[in-house]
Structures are given as structure tokens and as C-alpha cells.
file structure_32.cif (mmCIF, C-alpha atoms)
data_model
loop_
_atom_site.label_atom_id
_atom_site.label_comp_id
_atom_site.auth_asym_id
_atom_site.auth_seq_id
_atom_site.Cartn_x
_atom_site.Cartn_y
_atom_site.Cartn_z
CA MET J 1 37.04 248.06 133.69
CA ASP J 2 38.41 248.51 130.16
CA LEU J 3 38.33 245.50 127.86
CA HIS J 4 41.34 244.79 125.67
CA THR J 5 39.88 241.77 123.88
CA HIS J 6 38.04 242.49 120.66
CA LYS J 7 34.46 241.24 120.36
CA LEU J 8 34.33 237.59 119.35
CA LEU J 9 33.27 237.32 115.74
CA THR J 10 34.56 233.76 115.40
CA PRO J 11 34.73 230.70 117.70
CA ILE J 12 37.36 230.85 120.45
CA ILE J 13 39.22 227.92 118.91
CA THR J 14 40.13 230.14 115.93
CA LEU J 15 42.01 232.58 118.19
CA ASN J 16 45.75 232.11 118.63
CA PHE J 17 47.32 231.29 121.99
CA LYS J 18 48.13 234.90 122.83
CA GLU J 19 44.58 236.02 122.07
CA ARG J 20 43.05 233.21 124.12
CA SER J 21 45.35 233.91 127.07
CA LEU J 22 44.16 237.53 127.16
CA LEU J 23 40.50 236.66 126.60
CA PHE J 24 40.37 234.22 129.51
CA ALA J 25 42.31 236.59 131.77
CA GLU J 26 39.65 239.22 131.11
CA LEU J 27 36.86 236.72 131.74
CA ALA J 28 38.55 235.74 135.03
CA GLN J 29 38.62 239.44 135.92
CA ILE J 30 34.98 239.91 134.92
CA ALA J 31 34.07 237.01 137.23
CA TYR J 32 34.81 239.29 140.22
CA LEU J 33 32.06 241.72 139.22
CA GLU J 34 28.41 241.78 140.21
CA GLU J 35 25.99 240.16 137.78
CA GLU J 36 24.78 243.30 136.01
CA SER J 37 28.28 244.62 135.29
CA ALA J 38 29.63 241.18 134.37
CA THR J 39 26.76 240.59 131.95
CA LYS J 40 27.30 243.94 130.24
CA LEU J 41 31.01 243.34 129.72
CA ALA J 42 30.60 239.71 128.67
CA ARG J 43 28.12 240.78 125.99
CA GLN J 44 30.66 243.31 124.73
CA LEU J 45 32.94 240.33 124.19
CA GLY J 46 30.31 238.47 122.20
CA PHE J 47 28.69 236.19 124.80
CA THR J 48 24.91 236.21 124.46
CA THR J 49 24.12 234.14 127.57
CA VAL J 50 25.44 234.89 131.07
CA GLU J 51 24.52 232.91 134.17
CA TYR J 52 25.76 233.67 137.67
CA TYR J 53 26.28 230.78 140.09
CA ASN J 54 26.27 231.85 143.74
CA ILE J 55 25.75 229.09 146.28
CA ASP J 56 26.78 229.52 149.92
CA GLY J 57 29.60 231.88 148.97
CA ALA J 58 30.98 229.80 146.08
CA GLN J 59 30.72 231.78 142.85
CA ALA J 60 31.28 231.40 139.13
CA TYR J 61 29.89 232.55 135.81
CA ARG J 62 28.79 230.74 132.67
CA PHE J 63 29.49 232.74 129.50
CA MET J 64 28.00 231.23 126.37
CA ASN J 65 27.23 231.86 122.70
CA LYS J 66 26.46 229.65 119.71
CA THR J 67 29.92 228.07 119.58
CA ASP J 68 31.44 228.29 123.06
CA PHE J 69 30.63 227.44 126.69
CA VAL J 70 32.93 229.04 129.29
CA ILE J 71 32.97 228.55 133.06
CA ALA J 72 34.87 231.34 134.86
CA CYS J 73 35.29 230.75 138.60
CA ARG J 74 35.57 233.71 140.96
CA GLY J 75 38.71 234.09 143.04
CA THR J 76 39.39 235.10 146.62
CA GLU J 77 37.73 238.22 147.93
CA PRO J 78 39.45 239.39 151.16
CA LYS J 79 36.14 240.62 152.61
CA GLU J 80 34.45 237.26 152.09
CA PHE J 81 34.96 234.99 155.11
CA ASN J 82 33.88 231.97 153.04
CA ASP J 83 36.72 232.54 150.55
CA ILE J 84 39.33 232.99 153.27
CA GLY J 85 38.16 229.81 154.94
CA ALA J 86 38.37 227.88 151.67
CA ASP J 87 41.94 229.08 151.10
CA ALA J 88 43.01 228.21 154.64
CA ASN J 89 41.55 224.70 154.67
CA ALA J 90 44.59 223.02 153.12
CA ILE J 91 43.83 219.58 154.56
CA PRO J 92 44.04 217.09 151.66
CA VAL J 93 40.88 215.05 151.24
CA ILE J 94 39.96 212.16 148.98
CA ALA J 95 38.98 213.49 145.56
CA GLU J 96 35.85 212.54 143.65
CA THR J 97 38.06 210.70 141.13
CA VAL J 98 41.58 209.63 142.18
CA GLY J 99 44.00 210.74 144.89
CA ARG J 100 43.78 213.68 147.25
CA VAL J 101 42.84 217.29 146.65
CA HIS J 102 42.78 220.52 148.69
CA GLY J 103 39.77 220.26 151.00
CA GLY J 104 38.79 223.93 150.87
CA PHE J 105 38.93 224.15 147.07
CA LYS J 106 36.99 220.91 146.67
CA GLY J 107 34.36 222.13 149.11
CA GLU J 108 33.71 225.24 147.02
CA VAL J 109 33.38 223.19 143.83
CA ASP J 110 31.06 220.71 145.54
CA LYS J 111 28.58 223.56 146.07
CA LEU J 112 28.53 224.56 142.40
CA TRP J 113 29.06 221.28 140.60
CA PRO J 114 25.42 220.02 140.48
CA GLN J 115 24.30 223.22 138.75
CA ILE J 116 27.31 223.32 136.42
CA GLU J 117 26.83 219.64 135.61
CA GLU J 118 23.19 220.26 134.74
CA ASP J 119 24.13 223.11 132.39
CA LEU J 120 26.87 221.04 130.78
CA ALA J 121 24.38 218.25 130.10
CA ARG J 122 21.94 220.69 128.51
CA GLU J 123 24.17 223.15 126.66
CA SER J 124 27.62 221.73 125.90
CA LYS J 125 26.81 219.13 123.23
CA ASP J 126 27.38 221.38 120.22
CA ARG J 127 29.77 223.84 121.86
CA ASP J 128 33.43 223.92 122.79
CA VAL J 129 33.87 223.88 126.59
CA TRP J 130 36.49 226.09 128.25
CA PHE J 131 37.40 226.92 131.86
CA CYS J 132 39.28 229.79 133.50
CA GLY J 133 39.88 231.49 136.84
CA HIS J 134 42.22 233.53 139.01
CA SER J 135 43.48 232.71 142.53
CA LEU J 136 40.90 230.57 144.38
CA GLY J 137 38.93 230.68 141.12
CA ALA J 138 41.90 229.10 139.32
CA ALA J 139 41.97 226.22 141.78
CA MET J 140 38.21 225.77 141.48
CA ALA J 141 38.39 225.85 137.67
CA THR J 142 41.08 223.15 137.75
CA ILE J 143 38.86 220.87 139.83
CA VAL J 144 35.79 221.61 137.71
CA SER J 145 37.84 220.79 134.59
CA SER J 146 38.96 217.49 136.09
CA ARG J 147 35.38 216.53 136.88
CA CYS J 148 34.30 217.45 133.40
CA ARG J 149 37.20 215.44 131.95
CA GLY J 150 36.20 212.44 134.02
CA SER J 151 32.51 212.56 133.09
CA GLU J 152 30.51 211.62 130.03
CA LEU J 153 29.20 215.19 129.73
CA CYS J 154 32.34 216.73 128.25
CA PRO J 155 35.17 214.18 128.30
CA ASN J 156 37.25 216.40 126.02
CA PRO J 157 37.08 220.00 127.27
CA ARG J 158 39.09 222.29 125.04
CA GLU J 159 41.41 224.05 127.47
CA LEU J 160 41.79 225.50 130.96
CA TYR J 161 43.48 228.88 131.53
CA THR J 162 44.45 229.91 135.06
CA TYR J 163 46.15 232.97 136.56
CA GLY J 164 47.88 233.03 139.93
CA SER J 165 46.77 229.49 140.75
CA PRO J 166 47.70 227.77 144.01
CA ARG J 167 48.65 224.10 144.01
CA VAL J 168 45.49 222.00 143.95
CA GLY J 169 46.21 218.36 144.74
CA TRP J 170 48.66 215.53 145.28
CA GLY J 171 50.63 214.01 142.43
CA ASN J 172 48.30 211.09 141.70
CA TYR J 173 45.33 213.48 141.46
CA ILE J 174 47.23 215.86 139.18
CA ASN J 175 48.57 213.09 136.93
CA HIS J 176 45.16 211.46 136.57
CA HIS J 177 43.74 214.43 134.66
CA PRO J 178 45.86 215.05 131.53
CA PHE J 179 43.79 217.82 129.91
CA THR J 180 45.34 220.97 128.40
CA HIS J 181 45.94 223.55 131.10
CA HIS J 182 47.83 226.81 130.54
CA ARG J 183 48.88 228.10 133.97
CA TRP J 184 50.10 231.70 134.09
CA VAL J 185 52.48 232.84 136.87
CA ASN J 186 53.46 236.48 137.40
CA ASN J 187 56.97 236.75 138.89
CA ASN J 188 56.64 236.69 142.71
CA ASP J 189 52.92 235.93 142.93
CA VAL J 190 52.86 234.33 146.38
CA VAL J 191 49.63 232.38 145.81
CA THR J 192 51.34 230.22 143.19
CA ARG J 193 53.64 228.83 145.91
CA VAL J 194 50.97 227.49 148.27
CA PRO J 195 50.03 225.05 149.65
CA PHE J 196 53.67 224.05 150.15
CA TRP J 197 55.10 221.20 148.09
CA ILE J 198 56.33 219.56 151.30
CA MET J 199 52.66 218.83 152.08
CA GLY J 200 52.47 216.75 148.91
CA TYR J 201 50.78 219.35 146.72
CA LYS J 202 51.77 219.81 143.08
CA HIS J 203 50.81 222.11 140.25
CA HIS J 204 48.77 220.99 137.28
CA GLY J 205 49.33 222.08 133.69
CA GLU J 206 51.96 223.87 131.65
CA GLU J 207 53.46 226.92 133.32
CA HIS J 208 53.91 230.23 131.48
CA TYR J 209 56.09 232.72 133.37
CA LEU J 210 55.91 236.52 133.37
CA ASN J 211 59.16 238.10 134.58
CA THR J 212 59.82 241.21 136.68
CA TRP J 213 58.77 243.49 133.82
CA GLY J 214 55.79 241.39 132.75
CA ASN J 215 57.49 239.85 129.73
CA VAL J 216 57.02 236.16 128.90
CA ARG J 217 60.18 234.17 129.56
CA THR J 218 61.36 230.57 129.72
CA SER J 219 64.11 230.34 132.31
CA THR J 220 66.20 227.94 134.37
CA GLY J 221 65.75 227.61 138.11
CA TRP J 222 68.71 229.90 138.81
CA GLN J 223 67.50 232.52 136.32
CA ARG J 224 64.04 232.36 137.89
CA PHE J 225 65.52 232.86 141.36
CA LYS J 226 67.50 235.91 140.24
CA ASP J 227 64.47 237.36 138.49
CA ARG J 228 62.33 236.95 141.60
CA MET J 229 64.95 238.66 143.76
CA ARG J 230 65.07 241.47 141.19
CA GLY J 231 61.29 241.74 141.32
CA MET J 232 61.23 241.92 145.11
CA TRP J 233 63.87 244.67 145.14
CA ARG J 234 62.07 246.60 142.40
CA GLY J 235 58.82 246.31 144.35
CA LEU J 236 60.40 247.58 147.57
CA LYS J 237 61.76 250.62 145.72
CA GLN J 238 58.18 251.33 144.60
CA GLY J 239 56.82 250.87 148.12
CA LYS J 240 55.13 247.55 147.32
CA ILE J 241 55.41 244.00 148.58
CA ASP J 242 55.99 242.20 145.30
CA ASN J 243 54.68 238.85 146.51
CA PHE J 244 51.20 240.32 146.96
CA SER J 245 51.06 242.99 144.25
CA ASP J 246 52.08 240.44 141.60
CA HIS J 247 48.91 238.47 142.37
CA SER J 248 46.64 241.16 140.90
CA ILE J 249 44.47 239.90 138.03
CA GLY J 250 44.71 243.42 136.62
CA LEU J 251 48.47 242.97 136.16
CA TYR J 252 47.97 239.63 134.43
CA VAL J 253 45.54 241.30 132.01
CA GLU J 254 47.89 244.25 131.40
CA TYR J 255 50.91 242.04 130.70
CA LEU J 256 48.97 239.63 128.49
CA LYS J 257 47.66 242.54 126.43
CA ASN J 258 51.26 243.49 125.73
CA TYR J 259 52.04 239.84 124.94
CA ARG J 260 49.16 239.69 122.45
CA ASP J 261 50.32 242.91 120.83
CA ASN J 262 53.92 241.65 120.62
CA MET J 263 55.10 244.44 122.92
CA GLU J 264 57.73 244.09 125.65
CA THR J 265 58.41 246.34 128.61
CA PRO J 266 62.04 247.64 128.57
CA GLN J 267 64.11 246.06 131.34
CA ILE J 268 65.36 249.16 133.12
#
call {"tool": "encode", "arguments": {"input": "structure_32.cif", "output": "C-alpha cells"}}
result
Amino acid sequence: MDLHTHKLLTPIITLNFKERSLLFAELAQIAYLEEESATKLARQLGFTTVEYYNIDGAQAYRFMNKTDFVIACRGTEPKEFNDIGADANAIPVIAETVGRVHGGFKGEVDKLWPQIEEDLARESKDRDVWFCGHSLGAAMATIVSSRCRGSELCPNPRELYTYGSPRVGWGNYINHHPFTHHRWVNNNDVVTRVPFWIMGYKHHGEEHYLNTWGNVRTSTGWQRFKDRMRGMWRGLKQGKIDNFSDHSIGLYVEYLKNYRDNMETPQI
């Protein structure tokens, strides 16, 4: 895995939005790696402490240095039955705070939360707290952020960055947690459309959309529909099913590197 983020020489808060979006995408990608590889890459980015949480199949990393405390939750791994089960269990259950939340996602966070809570109590006092994740990890990071926001440990976490996030909870749960959440969506990424809104689920946070070519765009509903149809057709011509290929964390990283570098892919 090649890193595109430069080593942190300053606190994360001093980075601009484009730089932070790329940094957290790379940390979400690193979260898929085994501990030795993840530790090596995280240290290249300037994190001096790396801790791997792995409890009954629920996984996340803590990346930390003198100024910042980052929780990066690991996403769905197709070979892991535990992850598939968590994704499939879309029954809404009563949340630990207000409203209803996805039962599978909450169950994964329940496994990790006592250990994360303990580390927050010990290490977060003089550090900025950040969260990130991709896919299932994005949903988990959203729930972890809401618990942090609702606790006395870190009532004001800096920001949450997610990539390819599914919907996490019902409206009253989502609205009860007004922290800053930048939610990245890549064109036809199918995971961002489940669980279905008809079941009561809603997205949290501010959406940032990457179009067919991976360029950041703000668009109307009709423009978005046309762009998604264009993406599906372009994918078919390349022998890919766009809904699934667009979910790759590698693509999010690639496109956000271009975004940071003020580069756009020609629309041909």
C-alpha cells in the first residue's frame, strides 16, 4: 500500500479539509491491515502509538501521537462471517442514547466500546479526538462518535470522516447527535443506499459526492441520477459492476488524492 499523505509534522486540526479527507481515507484503508503492517504505515504518517482492538470479530485501531487520538474502525471483510452477519442484521434496536439504530452495527460497537471508552478516559484529555471508517467501519465509527459525543469523556470530538457508509439509524437517533461528520460517497457505491430508507433509516452528516470520474461535485437529484446512470454504463463497458467497484476504499483514496492536489479527471 502506497501512502499519499505526507507525514504529520503538525496537529491534524492544522490541515485543510482536503488534506484531512485524504488522511482519514488512508487511515480507514490501513485499518484493514494486520497489526504489524498497520503499525508500520501509521508510524510513517506520524502516529507514535498504535493499538489494535479485536474482540469477537469486531475490529478497530487507535492511532495516537502527542496531539491527536484517532479511532479507525475496520470495514466489512467478505471472508469474515461475523462482518457479513453484522451487515445483514438490519433490525432496528433501541440505541444506548435516543431512538433506534441498526442492530448489527450496534452489536459490533458494543464489543469494542468498553476498551475504547477506557482509552478515551486515559488518553484523550489533552488530545483532539477524531473518528473514521469505511463500509461497516464507517457505520461503527458513526456510532462510536455518537457515544463519545454523549459522554463526559469527549463531549466535543473534532470530526468524523466516513467513506462508503451505510445508513445507521432512524431519524431521531441521527438528529440527536449533531457532531461534525463528513460522509464521502463515490458515485454508485451500493453500500451507501442500504438499509433502505423505507425501513426508517437515514444518513448522518454532510454528504460529499464523487462523480463518475471521481471528481467532487454538488448536484441536484436529477443531475445525480444522470451521473449514476453514466457511471453504470461506463462500468459495464469496462466489464465491472459499478455499484460494487465504486465501494472500494482504494478508489476513495485515489480520488481524494487528486482532490487534495487540485487535479480533476477529464470527463471523456
call {"tool": "closest_atom_pairs", "arguments": {"input": "structure_32.cif", "of": "stretch 115-158 of chain J", "to": "stretch 90-107 of chain J", "cutoff": "12 Å", "atoms": "only C-alpha atoms", "output": "CSV"}}
result
residue,atom,partner,partner_atom,distance
J:Ser135,CA,J:Phe105,CA,10.7
J:Leu136,CA,J:Phe105,CA,7.2
J:Gly137,CA,J:Phe105,CA,8.8
J:Ala138,CA,J:Phe105,CA,9.7
J:Ala139,CA,J:Phe105,CA,6.4
J:Met140,CA,J:Phe105,CA,5.9
J:Ala141,CA,J:Phe105,CA,9.6
J:Thr142,CA,J:Phe105,CA,9.6
J:Ile143,CA,J:Lys106,CA,7.1
J:Val144,CA,J:Lys106,CA,9.1
J:Ser146,CA,J:Thr97,CA,8.5
J:Arg147,CA,J:Thr97,CA,7.7
J:Cys148,CA,J:Thr97,CA,10.9
J:Arg149,CA,J:Thr97,CA,10.4
J:Gly150,CA,J:Thr97,CA,7.6
J:Ser151,CA,J:Thr97,CA,9.9
call {"tool": "atom_distance", "arguments": {"input": "structure_32.cif", "atom1": "atom CA of J:Leu45", "atom2": "atom CA of J:Phe63"}}
result
9.9 Å
call {"tool": "closest_residue", "arguments": {"input": "structure_32.cif", "among": "J:Thr5, J:Ser124, J:Gln44, J:Asn156", "to": "J:Asn258", "atoms": "only C-alpha atoms"}}
result
J:Thr5
call {"tool": "atom_distance", "arguments": {"input": "structure_32.cif", "atom1": "atom CA of J:Arg230", "atom2": "atom CA of J:Arg217"}}
result
14.6 Å
call {"tool": "resolve_selection", "arguments": {"input": "structure_32.cif", "expression": "the PyMOL selection byres ((chain J and resi 185-191) around 6)", "output": "ChimeraX atom specification"}}
result
/J:164,166,184,192-194,209-212,228,243,246-247
call {"tool": "closest_residue", "arguments": {"input": "structure_32.cif", "among": "J:Arg20, J:Arg62, J:Arg167, J:Lys226", "to": "J:Leu120", "atoms": "all atoms listed in the file"}}
result
J:Arg62
call {"tool": "axis_aligned_box", "arguments": {"input": "structure_32.cif", "around": "stretch 5-20 of chain J", "padding_each_side": "6 Å", "output": "AutoDock Vina command-line options"}}
result
--center_x 40.7 --center_y 235.2 --center_z 119.8 --size_x 26.9 --size_y 26.6 --size_z 20.7
call {"tool": "resolve_selection", "arguments": {"input": "structure_32.cif", "expression": "the PyMOL selection byres ((chain J and resi 201-205) around 6)", "output": "ChimeraX atom specification"}}
result
/J:167,169-171,174,181-182,197,199-200,206
call {"tool": "closest_residue", "arguments": {"input": "structure_32.cif", "among": "J:Asn175, J:Gln267, J:Ser245, J:Gln115", "to": "J:Asn215", "atoms": "all atoms listed in the file"}}
result
J:Gln267
call {"tool": "closest_residue", "arguments": {"input": "structure_32.cif", "among": "J:Cys154, J:Leu8, J:Leu23, J:Met64", "to": "J:Glu254", "atoms": "all atoms listed in the file"}}
result
J:Leu23
call {"tool": "closest_residue", "arguments": {"input": "structure_32.cif", "among": "J:Lys111, J:Lys125, J:Arg158, J:Arg74", "to": "J:Ala31", "atoms": "only C-alpha atoms"}}
result
J:Arg74
call {"tool": "atom_distance", "arguments": {"input": "structure_32.cif", "atom1": "atom CA of J:Glu117", "atom2": "atom CA of J:Lys18"}}
result
29.2 Å
call {"tool": "residues_around", "arguments": {"input": "structure_32.cif", "residues": "stretch 33-37 of chain J", "least_positions_apart": "3", "cutoff": "10 Å", "atoms": "all atoms listed in the file", "output": "ChimeraX atom specification"}}
result
/J:1,28-30,40-42,50-53,61,74
call {"tool": "resolve_selection", "arguments": {"input": "structure_32.cif", "expression": "the PyMOL selection byres ((chain J and resi 11-17) around 12)", "output": "PyMOL selection string"}}
result
chain J and resi 5-10+18-24+45-47+64-70+127-130+157-159+161+182+208+256+259-261
